[in-house]
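Structure file entry14.cif with mmCIF, C-alpha atoms:
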data_entry
loop_
_atom_site.label_atom_id
_atom_site.label_comp_id
_atom_site.auth_asym_id
_atom_site.auth_seq_id
_atom_site.Cartn_x
_atom_site.Cartn_y
_atom_site.Cartn_z
CA MET A 10 22.45 -28.61 10.81
CA ASP A 11 19.95 -30.81 12.66
CA ASN A 12 18.93 -27.86 14.82
CA VAL A 13 18.38 -25.21 12.14
CA SER A 14 14.74 -26.11 11.57
CA VAL A 15 13.71 -25.69 15.21
CA VAL A 16 13.99 -21.87 15.26
CA SER A 17 10.54 -20.78 16.40
CA MET A 18 11.14 -17.22 17.63
CA LEU A 19 12.81 -14.31 15.87
CA THR A 20 14.04 -11.03 17.35
CA LEU A 21 13.29 -7.63 15.84
CA SER A 22 15.65 -4.64 16.12
CA GLY A 23 15.21 -0.89 16.07
CA LEU A 24 13.55 -0.17 19.42
CA SER A 25 16.43 -0.79 21.80
CA GLY A 26 17.20 2.92 22.21
CA THR A 27 13.64 4.06 22.85
CA ALA A 28 13.29 3.07 26.53
CA HIS A 29 13.15 6.66 27.83
CA TYR A 30 10.42 7.89 25.47
CA ARG A 31 8.62 4.62 24.71
CA VAL A 32 5.29 5.81 26.18
CA THR A 33 5.40 8.97 24.06
CA LEU A 34 6.09 6.90 20.95
CA PHE A 35 3.24 4.58 21.87
CA ILE A 36 0.76 7.47 22.20
CA LEU A 37 1.88 9.08 18.92
CA THR A 38 1.76 5.75 17.08
CA LEU A 39 -1.67 4.92 18.48
CA LEU A 40 -2.91 8.38 17.48
CA CYS A 41 -1.49 7.88 13.98
CA TYR A 42 -3.23 4.50 13.68
CA CYS A 43 -6.53 6.01 14.85
CA VAL A 44 -6.21 8.78 12.24
CA ILE A 45 -5.56 6.16 9.55
CA TRP A 46 -8.73 4.33 10.54
CA LEU A 47 -10.75 7.55 10.77
CA VAL A 48 -9.86 8.99 7.35
CA ASN A 49 -10.02 5.68 5.47
CA VAL A 50 -13.27 4.49 7.06
CA THR A 51 -14.81 7.91 6.33
CA ILE A 52 -14.04 7.54 2.62
CA ILE A 53 -15.16 3.89 2.54
CA VAL A 54 -18.49 4.55 4.29
CA THR A 55 -19.15 7.67 2.20
CA ILE A 56 -18.70 5.74 -1.06
CA ILE A 57 -20.75 2.74 0.11
CA VAL A 58 -23.64 4.81 1.47
CA ASP A 59 -24.00 7.22 -1.48
CA ARG A 60 -25.20 5.43 -4.63
CA ASN A 61 -24.14 8.43 -6.72
CA LEU A 62 -20.57 7.46 -5.89
CA HIS A 63 -20.94 3.91 -7.20
CA GLU A 64 -18.77 4.75 -10.20
CA PRO A 65 -15.52 3.03 -11.26
CA MET A 66 -13.17 5.73 -9.96
CA TYR A 67 -14.81 5.80 -6.52
CA ILE A 68 -15.09 2.01 -6.32
CA PHE A 69 -11.35 1.73 -6.97
CA LEU A 70 -10.69 4.45 -4.39
CA CYS A 71 -12.80 2.53 -1.86
CA ASN A 72 -10.64 -0.54 -2.45
CA LEU A 73 -7.48 1.55 -2.07
CA CYS A 74 -8.68 2.67 1.37
CA ILE A 75 -9.64 -0.91 2.34
CA ASN A 76 -6.16 -2.03 1.34
CA ALA A 77 -4.63 0.71 3.51
CA LEU A 78 -6.48 -0.69 6.54
CA TYR A 79 -5.42 -4.22 5.59
CA GLY A 80 -1.74 -3.34 5.21
CA THR A 81 -1.47 -1.22 8.35
CA ALA A 82 -3.20 -3.97 10.37
CA GLY A 83 -0.16 -6.12 9.63
CA PHE A 84 2.15 -3.64 11.32
CA TYR A 85 0.60 -1.33 13.94
CA PRO A 86 -0.84 -3.84 16.48
CA LYS A 87 2.50 -5.68 16.72
CA PHE A 88 4.50 -2.45 16.77
CA LEU A 89 2.33 -0.96 19.53
CA SER A 90 2.80 -4.15 21.54
CA ASP A 91 6.58 -3.98 21.08
CA LEU A 92 6.68 -0.37 22.28
CA LEU A 93 5.32 -1.49 25.65
CA SER A 94 7.43 -4.63 25.84
CA ALA A 95 11.01 -5.09 27.02
CA SER A 96 11.62 -7.91 24.51
CA HIS A 97 10.89 -7.52 20.82
CA VAL A 98 10.31 -11.02 19.52
CA ILE A 99 7.92 -12.57 17.02
CA SER A 100 7.12 -16.17 16.26
CA TYR A 101 8.38 -17.59 12.98
CA SER A 102 4.83 -18.16 11.73
CA GLY A 103 3.87 -14.65 12.89
CA CYS A 104 6.85 -13.25 11.00
CA LEU A 105 5.78 -15.01 7.82
CA LEU A 106 2.20 -13.75 8.27
CA GLN A 107 3.36 -10.19 8.81
CA GLY A 108 5.58 -10.35 5.73
CA PHE A 109 2.69 -11.79 3.71
CA VAL A 110 0.30 -9.00 4.73
CA LEU A 111 2.78 -6.17 4.14
CA HIS A 112 4.03 -7.47 0.79
CA SER A 113 0.57 -8.33 -0.58
CA SER A 114 -0.71 -4.91 0.53
CA VAL A 115 2.06 -3.12 -1.39
CA ILE A 116 1.42 -5.10 -4.60
CA ALA A 117 -2.35 -4.63 -4.17
CA ASP A 118 -1.74 -0.88 -3.88
CA ILE A 119 0.10 -0.92 -7.22
CA SER A 120 -2.69 -3.04 -8.77
CA ILE A 121 -5.43 -0.65 -7.62
CA LEU A 122 -3.43 2.41 -8.69
CA LEU A 123 -3.09 0.74 -12.10
CA LEU A 124 -6.89 0.32 -12.30
CA MET A 125 -7.37 3.98 -11.37
CA ALA A 126 -4.89 5.08 -14.04
CA TYR A 127 -6.59 2.86 -16.65
CA ASP A 128 -10.00 4.24 -15.66
CA ARG A 129 -8.81 7.83 -16.21
CA TYR A 130 -7.10 6.87 -19.46
CA VAL A 131 -10.30 5.39 -20.93
CA ALA A 132 -12.49 8.21 -19.56
CA ILE A 133 -10.35 10.98 -21.09
CA CYS A 134 -8.64 9.39 -24.11
CA GLN A 135 -11.35 6.91 -25.17
CA PRO A 136 -14.62 8.42 -23.85
CA LEU A 137 -16.82 6.76 -26.49
CA ILE A 138 -16.03 3.24 -25.25
CA TYR A 139 -15.88 4.11 -21.54
CA HIS A 140 -19.28 2.71 -20.60
CA SER A 141 -18.70 -0.49 -22.55
CA VAL A 142 -15.30 -1.04 -20.91
CA MET A 143 -16.31 -0.03 -17.37
CA THR A 144 -19.46 -2.11 -16.89
CA LYS A 145 -20.41 -3.41 -13.44
CA GLY A 146 -19.34 -6.94 -14.36
CA LYS A 147 -15.97 -5.85 -15.71
CA ILE A 148 -15.34 -3.58 -12.72
CA GLY A 149 -16.01 -6.52 -10.40
CA MET A 150 -13.60 -8.65 -12.43
CA TYR A 151 -10.91 -5.94 -12.38
CA VAL A 152 -11.19 -5.54 -8.60
CA PHE A 153 -11.19 -9.32 -8.08
CA PHE A 154 -7.93 -9.76 -9.98
CA ALA A 155 -6.42 -6.65 -8.34
CA TRP A 156 -6.74 -8.52 -5.03
CA LEU A 157 -6.16 -12.07 -6.31
CA ILE A 158 -2.86 -11.56 -8.15
CA PRO A 159 -0.97 -9.92 -5.23
CA HIS A 160 -2.16 -12.55 -2.77
CA TYR A 161 -1.35 -15.41 -5.14
CA LEU A 162 2.16 -14.03 -5.72
CA MET A 163 2.73 -13.67 -1.99
CA ILE A 164 1.34 -17.12 -1.17
CA VAL A 165 3.96 -18.61 -3.49
CA SER A 166 6.68 -16.36 -2.03
CA THR A 167 5.71 -17.11 1.57
CA ILE A 168 5.63 -20.87 0.97
CA THR A 169 9.09 -20.63 -0.61
CA THR A 170 10.35 -18.79 2.47
CA ALA A 171 8.58 -21.13 4.92
CA ILE A 172 10.22 -24.29 3.59
CA THR A 173 13.70 -22.76 3.81
CA LYS A 174 15.86 -23.88 6.75
CA ILE A 175 17.18 -20.91 8.69
CA CYS A 176 20.36 -20.62 10.75
CA GLY A 177 19.70 -17.31 12.48
CA SER A 178 17.00 -15.57 14.46
CA HIS A 179 17.70 -11.82 14.19
CA ILE A 180 15.67 -9.55 11.87
CA PRO A 181 17.43 -6.14 11.56
CA LYS A 182 14.16 -4.24 11.24
CA ILE A 183 11.08 -3.27 13.27
CA TYR A 184 8.93 -5.67 11.23
CA CYS A 185 9.35 -8.82 9.15
CA ILE A 186 9.75 -9.04 5.40
CA ASN A 187 10.54 -12.13 3.34
CA TYR A 188 13.82 -10.72 2.04
CA LEU A 189 15.28 -10.50 5.56
CA VAL A 190 13.97 -13.94 6.53
CA ASN A 191 15.58 -15.43 3.42
CA ARG A 192 18.89 -13.87 4.47
CA LEU A 193 18.78 -16.11 7.55
CA ALA A 194 18.73 -19.23 5.37
CA CYS A 195 21.56 -21.71 5.86
CA THR A 196 21.73 -22.29 2.11
CA PRO A 197 19.41 -19.92 0.19
CA PRO A 198 17.52 -21.95 -2.44
CA LEU A 199 17.33 -20.75 -6.03
CA ALA A 200 13.58 -20.24 -5.62
CA SER A 201 14.23 -17.55 -2.98
CA VAL A 202 15.86 -15.52 -5.76
CA ILE A 203 13.56 -16.39 -8.67
CA VAL A 204 10.22 -15.83 -6.89
CA PRO A 205 11.03 -12.33 -5.53
CA ALA A 206 12.54 -11.40 -8.90
CA PHE A 207 9.30 -12.44 -10.61
CA ASN A 208 7.25 -10.41 -8.09
CA TYR A 209 9.44 -7.36 -8.70
CA ALA A 210 9.01 -7.85 -12.45
CA VAL A 211 5.20 -7.91 -12.12
CA SER A 212 5.30 -4.74 -10.01
CA LEU A 213 7.55 -3.01 -12.56
CA ILE A 214 5.20 -3.99 -15.40
CA TYR A 215 2.29 -2.52 -13.44
CA ALA A 216 4.28 0.67 -12.85
CA ALA A 217 5.20 0.87 -16.56
CA PHE A 218 1.50 0.64 -17.54
CA ILE A 219 0.66 3.39 -15.02
CA PHE A 220 3.30 5.73 -16.45
CA TRP A 221 2.27 4.89 -20.01
CA SER A 222 -1.35 5.75 -19.16
CA TYR A 223 -0.32 9.12 -17.79
CA LEU A 224 1.93 9.90 -20.71
CA CYS A 225 -1.06 9.31 -22.99
CA LEU A 226 -3.27 11.42 -20.72
CA ILE A 227 -0.84 14.33 -20.64
CA LYS A 228 -0.33 14.17 -24.40
CA ASN A 229 -4.11 14.16 -24.93
CA CYS A 230 -4.69 17.04 -22.51
CA LEU A 231 -2.20 19.31 -24.26
CA HIS A 232 -4.59 19.58 -27.22
CA SER A 233 -7.88 19.95 -25.36
CA GLY A 234 -8.92 22.47 -22.72
CA GLU A 235 -11.85 20.27 -21.65
CA ASN A 236 -9.62 17.24 -21.15
CA ARG A 237 -7.11 19.41 -19.30
CA SER A 238 -9.86 20.40 -16.87
CA LYS A 239 -10.85 16.74 -16.36
CA PHE A 240 -7.20 15.83 -15.81
CA MET A 241 -6.70 18.48 -13.14
CA GLN A 242 -9.92 17.53 -11.38
CA THR A 243 -9.69 13.73 -11.31
CA CYS A 244 -6.14 12.73 -12.29
CA LEU A 245 -4.15 15.17 -10.17
CA PRO A 246 -5.22 13.50 -6.87
CA HIS A 247 -4.24 10.14 -8.31
CA LEU A 248 -0.84 11.46 -9.41
CA LEU A 249 -0.22 12.90 -5.94
CA CYS A 250 -1.16 9.57 -4.31
CA LEU A 251 0.99 7.65 -6.78
CA ASN A 252 4.03 9.86 -6.12
CA THR A 253 3.50 9.62 -2.35
CA PHE A 254 3.34 5.82 -2.57
CA LEU A 255 6.39 5.47 -4.83
CA ILE A 256 8.54 7.81 -2.72
CA SER A 257 7.56 5.93 0.45
CA ILE A 258 8.36 2.54 -1.11
CA LEU A 259 11.66 3.93 -2.43
CA PHE A 260 12.65 4.95 1.11
CA ASP A 261 11.93 1.43 2.37
CA LEU A 262 13.85 -0.23 -0.48
CA MET A 263 16.82 2.06 0.13
CA TYR A 264 16.79 1.05 3.79
CA VAL A 265 16.59 -2.69 3.05
CA ARG A 266 19.16 -2.75 0.28
CA PHE A 267 21.61 -0.01 1.27
CA GLY A 268 21.04 0.57 4.99
CA THR A 269 24.35 0.83 6.88
CA SER A 270 25.40 1.11 10.49
CA THR A 271 26.32 4.78 9.94
CA ILE A 272 22.66 5.76 9.53
CA PRO A 273 20.97 6.70 12.84
CA GLN A 274 18.47 4.09 14.04
CA SER A 275 15.67 6.67 14.23
CA LEU A 276 16.18 7.51 10.54
CA LYS A 277 16.20 3.81 9.65
CA ASN A 278 12.90 3.35 11.49
CA PHE A 279 11.40 6.35 9.70
CA MET A 280 12.48 5.00 6.31
CA ALA A 281 10.99 1.59 7.18
CA MET A 282 7.69 3.03 8.43
CA GLU A 283 7.03 5.80 5.91
CA PHE A 284 4.93 3.72 3.50
CA LEU A 285 2.80 2.62 6.48
CA VAL A 286 2.25 6.19 7.71
CA VAL A 287 2.20 8.71 4.88
CA PRO A 288 0.14 7.09 2.06
CA PRO A 289 -2.60 5.64 4.35
CA ILE A 290 -3.21 9.13 5.78
CA LEU A 291 -2.55 11.35 2.77
CA ASN A 292 -4.43 9.33 0.13
CA PRO A 293 -7.90 9.68 1.72
CA LEU A 294 -7.20 13.34 2.59
CA ILE A 295 -6.08 14.17 -0.96
CA TYR A 296 -9.12 12.50 -2.53
CA GLY A 297 -11.50 13.77 0.13
CA LEU A 298 -10.38 17.38 -0.37
CA LYS A 299 -9.87 17.35 -4.14
CA LEU A 300 -12.80 15.29 -5.48
CA THR A 301 -15.88 17.50 -5.27
CA LYS A 302 -18.46 14.71 -5.00
CA ILE A 303 -16.73 13.05 -2.06
CA ARG A 304 -15.99 16.33 -0.31
CA ASN A 305 -19.58 17.53 -0.63
CA ARG A 306 -20.98 14.20 0.51
CA ILE A 307 -18.74 14.10 3.60
CA VAL A 308 -19.77 17.66 4.50
CA GLN A 309 -23.45 16.71 4.10
CA LEU A 310 -23.03 13.65 6.35
CA PHE A 311 -21.37 15.68 9.11
CA LEU A 312 -23.92 18.50 8.86
CA ARG A 313 -26.75 15.98 9.06
CA LYS A 314 -25.25 14.47 12.22
CA ASN A 315 -24.88 17.91 13.80
#
Here is a file; write its structure as structure tokens.
Amino acid sequence: MDNVSVVSMLTLSGLSGTAHYRVTLFILTLLCYCVIWLVNVTIIVTIIVDRNLHEPMYIFLCNLCINALYGTAGFYPKFLSDLLSASHVISYSGCLLQGFVLHSSVIADISILLLMAYDRYVAICQPLIYHSVMTKGKIGMYVFFAWLIPHYLMIVSTITTAITKICGSHIPKIYCINYLVNRLACTPPLASVIVPAFNYAVSLIYAAFIFWSYLCLIKNCLHSGENRSKFMQTCLPHLLCLNTFLISILFDLMYVRFGTSTIPQSLKNFMAMEFLVVPPILNPLIYGLKLTKIRNRIVQLFLRKN
């Protein structure tokens, strides 16, 4: 027991059978990461440059794209390095940092999606108070807490994990998460159960508010053709992004909680990576193609360059 606290390096699994096509995987992964940067930066720059897009919905979308870059930065550089390396190890502090970035990014995604759902709810169901609810000061406060709460929750969770003595060094995944690090604990403390449970509860409350907002929106749209048009134009992209995100997270949770040795390693890796591949690419594309203002502005910017 005197040696359990000196574990400084952890091993990651999942890439042992990729030696023959590692270069191909590296090129595809690098291309995917470049596409993520391209589509998200395009949306971010478009919204920042055009003052006509400085509206709540677009400000929240801008933050969603920034969070996509933040979350993927916690995975892709390390993963690309591992693809070219014979040994797949990560320092204990690096593992905690990676887990912090990935977890906080997921909760921040839910927080921002909640703000976007609330914005559409007020705009369609309570249009008379929209401009008093969505002032510049309140929008800034909403965005501030959408970033603060996830990072505060994950600081507490990461500290709880960091002070736990571990008796193992193998992470059965291609990246680190706190749940798997806590499984290495010699004697898991009660806090390692309570803190994640609290974080899950907060996420579920956020999700419940999102679904409640859309139930109210759908109910309201059934009785109004004008509201139905607004819903299809501005809410449909958000619903598509929300479903994409939830399905991707569900795949990852299924892998972590129910993954077995009978599942092929390539499928396990896909389930683990999906939320870091699909939403960061699809979200900007869905909004860029569906929202007329953004689509027209992007076209104007490219035509001006040409």
Enumerate, as a compact mmCIF listing (two decimals) with C-alpha atoms, keeping the file's coordinate frame, the residues matched when the PyMOL selection byres ((chain A and resi 23) around 6) is run on the file above.
# COMPACT_ATOMS: atom_id res chain seq x y z
CA SER A 22 15.65 -4.64 16.12
CA LEU A 24 13.55 -0.17 19.42
CA SER A 25 16.43 -0.79 21.80
CA LYS A 182 14.16 -4.24 11.24
CA ILE A 183 11.08 -3.27 13.27
Expansion of the PyMOL selection byres ((chain A and resi 296) around 9) into residues, as a PyMOL selection string: chain A and resi 52+70+243+246-247+250+291-295+297-301+303-304
Write the residues of the selection above to a file with C-alpha atoms, as a compact mmCIF listing (two decimals), in the coordinates of the input.
# COMPACT_ATOMS: atom_id res chain seq x y z
CA ILE A 52 -14.04 7.54 2.62
CA LEU A 70 -10.69 4.45 -4.39
CA THR A 243 -9.69 13.73 -11.31
CA PRO A 246 -5.22 13.50 -6.87
CA HIS A 247 -4.24 10.14 -8.31
CA CYS A 250 -1.16 9.57 -4.31
CA LEU A 291 -2.55 11.35 2.77
CA ASN A 292 -4.43 9.33 0.13
CA PRO A 293 -7.90 9.68 1.72
CA LEU A 294 -7.20 13.34 2.59
CA ILE A 295 -6.08 14.17 -0.96
CA GLY A 297 -11.50 13.77 0.13
CA LEU A 298 -10.38 17.38 -0.37
CA LYS A 299 -9.87 17.35 -4.14
CA LEU A 300 -12.80 15.29 -5.48
CA THR A 301 -15.88 17.50 -5.27
CA ILE A 303 -16.73 13.05 -2.06
CA ARG A 304 -15.99 16.33 -0.31
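You will find atom CA of A:Phe284 at 5.9 Å from atom CA of A:Ile258.
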field: Residues within 10 Å of A:Pro86, only C-alpha atoms, excluding chain neighbours under 3 positions, as a list in words
entry: Thr38, Leu39, Tyr42, Thr81, Ala82, Gly83, Leu89, Ser90 and Asp91 of chain A
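Nearest-residue note for A:Tyr79: choosing from A:Phe35, A:Phe260, A:Tyr67, A:Phe109, the minimum distance belongs to A:Phe109, counting only C-alpha atoms.
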task: Given the file shown, enumerate the residues that the PyMOL selection byres ((chain A and resi 49) around 8) captures and present them as a PyMOL selection string.
output: chain A and resi 45-48+50-53+74-75+77-78+289-290+293
Export of prior selection with C-alpha atoms as a compact mmCIF listing (two decimals), in the frame of the given file:
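Once everything was written out, this is part-v8.txt:
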# COMPACT_ATOMS: atom_id res chain seq x y z
CA ILE A 45 -5.56 6.16 9.55
CA TRP A 46 -8.73 4.33 10.54
CA LEU A 47 -10.75 7.55 10.77
CA VAL A 48 -9.86 8.99 7.35
CA VAL A 50 -13.27 4.49 7.06
CA THR A 51 -14.81 7.91 6.33
CA ILE A 52 -14.04 7.54 2.62
CA ILE A 53 -15.16 3.89 2.54
CA CYS A 74 -8.68 2.67 1.37
CA ILE A 75 -9.64 -0.91 2.34
CA ALA A 77 -4.63 0.71 3.51
CA LEU A 78 -6.48 -0.69 6.54
CA PRO A 289 -2.60 5.64 4.35
CA ILE A 290 -3.21 9.13 5.78
CA PRO A 293 -7.90 9.68 1.72
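If all atoms listed in the file are the atoms counted, then among A:Met263, A:Tyr101, A:Leu276, A:Gly80 the closest residue to A:Leu193 is A:Tyr101.
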- line: atom CA of A:Phe279 to atom CA of A:Pro205 measures 24.1 Å
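The gap separating atom CA of A:His179 from atom CA of A:Val115 is 23.7 Å, in Å to one decimal.
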- prompt: Could you name the residues that touch A:Ile158 at 10 Å or less, counting only C-alpha atoms, but leaving out those on the same chain fewer than 4 positions away, as a list in words?
  reply: Ser113, Ile116, Ala117, Ser120, Phe153, Phe154, Leu162, Met163, Ile164 and Val211 of chain A
- prompt: Which residues come within 12 Å of A:Tyr209, counting all atoms listed in the file, excluding same-chain residues fewer than 5 positions away, as a ChimeraX atom specification?
  reply: /A:112,115-116,119,159,162-163,166,202-204,214-216,262
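Counting all atoms listed in the file and comparing A:Pro136, A:Pro65, A:Gly108, A:Gly177, the residue that lies closest to A:Ser17 is A:Gly177.
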task: Could you give me, as a PyMOL selection string, the residues that have an atom at most 12 Å away from the point (6.4, 6.8, 21.8) in the coordinates of the file, using all atoms listed in the file?
output: chain A and resi 24+26-41+88-93+275
- prompt: Taking only C-alpha atoms into account, which of A:Leu73, A:Ile172, A:Leu189, A:Val16 comes nearest A:Ser100?
  reply: A:Val16
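Among the candidates A:Asn72, A:Ser114, A:Gln107, A:Thr169, the residue lying nearest to A:Val54 is A:Asn72 (atoms considered: all atoms listed in the file).
Checking A:Val58, A:Ile256, A:Leu123, A:Ile99 one by one against A:Phe218, counting only C-alpha atoms, you find the shortest gap at A:Leu123.
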Output as lines of an AutoDock Vina configuration file the centre and edge lengths (Å, one decimal) of the box along x, y and z of the file that holds every listed atom of stretch 200-215 of chain A after adding 8 Å on each side.
center_x = 9.1
center_y = -11.4
center_z = -9.2
size_x = 29.6
size_y = 33.7
size_z = 28.4
- request: Fewer than 5 positions away in the same chain doesn't count, so skip those; otherwise give me all residues within 9 Å of A:Leu124, counting all atoms listed in the file, as a PyMOL selection string.
  value: chain A and resi 66+69+119+129+151-152+155+219
If you keep all heavy atoms, can you output stretch 209-218 of chain A as a PDB file, in the first residue's frame?
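result.pdb written:
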ATOM      1  N   TYR A 209     -24.313  13.824 -12.776  1.00  0.00           N
ATOM      2  CA  TYR A 209     -25.321  13.203 -13.637  1.00  0.00           C
ATOM      3  C   TYR A 209     -26.699  13.811 -13.369  1.00  0.00           C
ATOM      4  O   TYR A 209     -27.479  14.034 -14.306  1.00  0.00           O
ATOM      5  CB  TYR A 209     -25.377  11.687 -13.391  1.00  0.00           C
ATOM      6  CG  TYR A 209     -24.308  10.901 -14.092  1.00  0.00           C
ATOM      7  CD1 TYR A 209     -23.434  10.072 -13.390  1.00  0.00           C
ATOM      8  CD2 TYR A 209     -24.162  10.965 -15.480  1.00  0.00           C
ATOM      9  CE1 TYR A 209     -22.447   9.345 -14.030  1.00  0.00           C
ATOM     10  CE2 TYR A 209     -23.176  10.239 -16.127  1.00  0.00           C
ATOM     11  CZ  TYR A 209     -22.326   9.433 -15.402  1.00  0.00           C
ATOM     12  OH  TYR A 209     -21.351   8.709 -16.049  1.00  0.00           O
ATOM     13  N   ALA A 210     -26.989  14.076 -12.096  1.00  0.00           N
ATOM     14  CA  ALA A 210     -28.289  14.659 -11.743  1.00  0.00           C
ATOM     15  C   ALA A 210     -28.459  16.047 -12.362  1.00  0.00           C
ATOM     16  O   ALA A 210     -29.526  16.374 -12.896  1.00  0.00           O
ATOM     17  CB  ALA A 210     -28.431  14.740 -10.220  1.00  0.00           C
ATOM     18  N   VAL A 211     -27.403  16.855 -12.311  1.00  0.00           N
ATOM     19  CA  VAL A 211     -27.453  18.193 -12.928  1.00  0.00           C
ATOM     20  C   VAL A 211     -27.698  18.070 -14.427  1.00  0.00           C
ATOM     21  O   VAL A 211     -28.532  18.792 -14.999  1.00  0.00           O
ATOM     22  CB  VAL A 211     -26.139  18.966 -12.658  1.00  0.00           C
ATOM     23  CG1 VAL A 211     -26.096  20.256 -13.475  1.00  0.00           C
ATOM     24  CG2 VAL A 211     -26.004  19.285 -11.169  1.00  0.00           C
ATOM     25  N   SER A 212     -26.986  17.147 -15.078  1.00  0.00           N
ATOM     26  CA  SER A 212     -27.154  16.949 -16.521  1.00  0.00           C
ATOM     27  C   SER A 212     -28.576  16.494 -16.856  1.00  0.00           C
ATOM     28  O   SER A 212     -29.163  16.944 -17.850  1.00  0.00           O
ATOM     29  CB  SER A 212     -26.142  15.921 -17.039  1.00  0.00           C
ATOM     30  OG  SER A 212     -24.823  16.351 -16.799  1.00  0.00           O
ATOM     31  N   LEU A 213     -29.129  15.616 -16.027  1.00  0.00           N
ATOM     32  CA  LEU A 213     -30.495  15.137 -16.262  1.00  0.00           C
ATOM     33  C   LEU A 213     -31.519  16.249 -16.068  1.00  0.00           C
ATOM     34  O   LEU A 213     -32.514  16.324 -16.802  1.00  0.00           O
ATOM     35  CB  LEU A 213     -30.807  13.957 -15.335  1.00  0.00           C
ATOM     36  CG  LEU A 213     -30.101  12.640 -15.661  1.00  0.00           C
ATOM     37  CD1 LEU A 213     -30.383  11.602 -14.579  1.00  0.00           C
ATOM     38  CD2 LEU A 213     -30.547  12.115 -17.024  1.00  0.00           C
ATOM     39  N   ILE A 214     -31.279  17.126 -15.092  1.00  0.00           N
ATOM     40  CA  ILE A 214     -32.172  18.273 -14.883  1.00  0.00           C
ATOM     41  C   ILE A 214     -32.129  19.194 -16.096  1.00  0.00           C
ATOM     42  O   ILE A 214     -33.166  19.675 -16.577  1.00  0.00           O
ATOM     43  CB  ILE A 214     -31.783  19.034 -13.599  1.00  0.00           C
ATOM     44  CG1 ILE A 214     -32.102  18.183 -12.365  1.00  0.00           C
ATOM     45  CG2 ILE A 214     -32.516  20.375 -13.518  1.00  0.00           C
ATOM     46  CD1 ILE A 214     -31.556  18.752 -11.066  1.00  0.00           C
ATOM     47  N   TYR A 215     -30.917  19.435 -16.610  1.00  0.00           N
ATOM     48  CA  TYR A 215     -30.776  20.242 -17.827  1.00  0.00           C
ATOM     49  C   TYR A 215     -31.566  19.606 -18.968  1.00  0.00           C
ATOM     50  O   TYR A 215     -32.304  20.288 -19.694  1.00  0.00           O
ATOM     51  CB  TYR A 215     -29.302  20.344 -18.232  1.00  0.00           C
ATOM     52  CG  TYR A 215     -28.486  21.347 -17.448  1.00  0.00           C
ATOM     53  CD1 TYR A 215     -29.020  22.022 -16.361  1.00  0.00           C
ATOM     54  CD2 TYR A 215     -27.171  21.621 -17.803  1.00  0.00           C
ATOM     55  CE1 TYR A 215     -28.266  22.935 -15.641  1.00  0.00           C
ATOM     56  CE2 TYR A 215     -26.403  22.540 -17.095  1.00  0.00           C
ATOM     57  CZ  TYR A 215     -26.960  23.191 -16.011  1.00  0.00           C
ATOM     58  OH  TYR A 215     -26.216  24.104 -15.312  1.00  0.00           O
ATOM     59  N   ALA A 216     -31.384  18.303 -19.141  1.00  0.00           N
ATOM     60  CA  ALA A 216     -32.067  17.595 -20.236  1.00  0.00           C
ATOM     61  C   ALA A 216     -33.584  17.662 -20.066  1.00  0.00           C
ATOM     62  O   ALA A 216     -34.317  17.837 -21.053  1.00  0.00           O
ATOM     63  CB  ALA A 216     -31.600  16.139 -20.280  1.00  0.00           C
ATOM     64  N   ALA A 217     -34.060  17.565 -18.819  1.00  0.00           N
ATOM     65  CA  ALA A 217     -35.503  17.637 -18.554  1.00  0.00           C
ATOM     66  C   ALA A 217     -36.051  19.003 -18.946  1.00  0.00           C
ATOM     67  O   ALA A 217     -37.139  19.107 -19.534  1.00  0.00           O
ATOM     68  CB  ALA A 217     -35.776  17.349 -17.074  1.00  0.00           C
ATOM     69  N   PHE A 218     -35.307  20.073 -18.637  1.00  0.00           N
ATOM     70  CA  PHE A 218     -35.738  21.426 -19.012  1.00  0.00           C
ATOM     71  C   PHE A 218     -35.771  21.582 -20.535  1.00  0.00           C
ATOM     72  O   PHE A 218     -36.658  22.249 -21.080  1.00  0.00           O
ATOM     73  CB  PHE A 218     -34.808  22.472 -18.399  1.00  0.00           C
ATOM     74  CG  PHE A 218     -35.224  22.905 -17.021  1.00  0.00           C
ATOM     75  CD1 PHE A 218     -34.462  22.573 -15.915  1.00  0.00           C
ATOM     76  CD2 PHE A 218     -36.386  23.635 -16.825  1.00  0.00           C
ATOM     77  CE1 PHE A 218     -34.842  22.957 -14.640  1.00  0.00           C
ATOM     78  CE2 PHE A 218     -36.779  24.022 -15.559  1.00  0.00           C
ATOM     79  CZ  PHE A 218     -36.010  23.686 -14.455  1.00  0.00           C
TER      80      PHE A 218
END
